[in-house]
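Q: Sharing a structure with you now.
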Amino acid sequence: MAALRKIVGSRTGLPYSSLLPPALLISCRGITSKLFVGGLSFYTNEKGLSEAFSEHGQVIDTKIIMDRVSSKSKGFGFVTFASEDEAHKALTEMNGKELNGRVIFVDYAKPKADFGERMPIARGPPEPAPHSIQKESEII
């Protein structure tokens with residue numbers, strides 16, 4: 001982080017913090033809290049989701065997850081708050097409430113699994129245990 005600050009600051013003449021979006025600065029400091037929101041209506045957009053949750057605190061970012069092929073909502077998304085207290089308040093007040101005709105479920109977001117820049121591979125059914133393999137002579 002310090003090396004990036006040195007490189008960016010020397011080339012542009014601008015302070016390092018002015019080049020980063022506020023959401024990134026806050027998340028780097030570790031004071032944000034992200035909530036998972038499930039059960040969303042397929043007609044809910046990010047602006048509507050942000051407006052619904054902004055009643056409970058300062059919303060930094062909203063993201064509705066879309067299907068790559070059809071470009072339609074998958075029915076869940078994430079809301080990032082400026083503080084953990086605001087996120088907790090939103091979780092307790094919005095969980096089980098109705099939004100756009102659907103009951104939504106709110107929980108703390110879990111960290112994204114790291115697959116090392118690639119997708120996980122389906123390996124098929126598990127191999128049988130070595131002791132359960134019978135020899136041809138035992139079958140007859």
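Ordering of the structure tokens sets the chain letters (A, B, ...); residue numbers start at 1 within each chain; ligands are numbered from 1 in the order shown.
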Hey, what's within 8 Å of stretch 60-63 of chain A if we count only C-alpha atoms and toss same-chain stuff fewer than 2 positions away? As an MDAnalysis selection string, please?

A: chainID A and resid 23 46:47 49:50 58 65 77:82

Q: Residues near stretch 89-100 of chain A, anyone? I mean within 8 Å using only C-alpha atoms, not counting same-chain ones fewer than 6 positions away, as an NGL selection string.

A: :A and (35 or 40-41 or 43-44 or 52-53 or 56-57 or 106-108)

Q: Report, in Å to a single decimal, how far apart atom CA of A:Ile104 and atom CA of A:Gly38 are.

A: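 Pair atom CA of A:Gly38 / atom CA of A:Ile104 returns 5.6 Å.
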
Q: One number please: atom CA of A:Gly101 to atom CA of A:Phe36, in Å, one decimal.

A: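 Distance between the two atoms: 18.4 Å.
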
Q: Compare A:Lys74, A:Met66, A:Ala87, A:Phe42 by their minimum atom-to-atom distance to A:Ser54, counting only C-alpha atoms, and give me the closest one.

A: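 Distance minimum relative to A:Ser54 lands on A:Ala87.
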
Q: Rank A:Lys112, A:Arg123, A:Arg102, A:Lys72 by their smallest atom-to-atom distance to A:Val37, using only C-alpha atoms, and report the top residue only.

A: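 Ranked by minimum distance to A:Val37, first place goes to A:Arg102.
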
Q: Mind pulling up the distance from atom CA of A:Ser33 to atom CA of A:Val103?

A: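 Straight-line distance from atom CA of A:Val103 to atom CA of A:Ser33 works out to 22.0 Å.
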
Q: Pick out the closest residue to A:Gly39 from this set: A:His88, A:Ile64, A:Pro128, A:Glu51. Count only C-alpha atoms.

A: A:Ile64
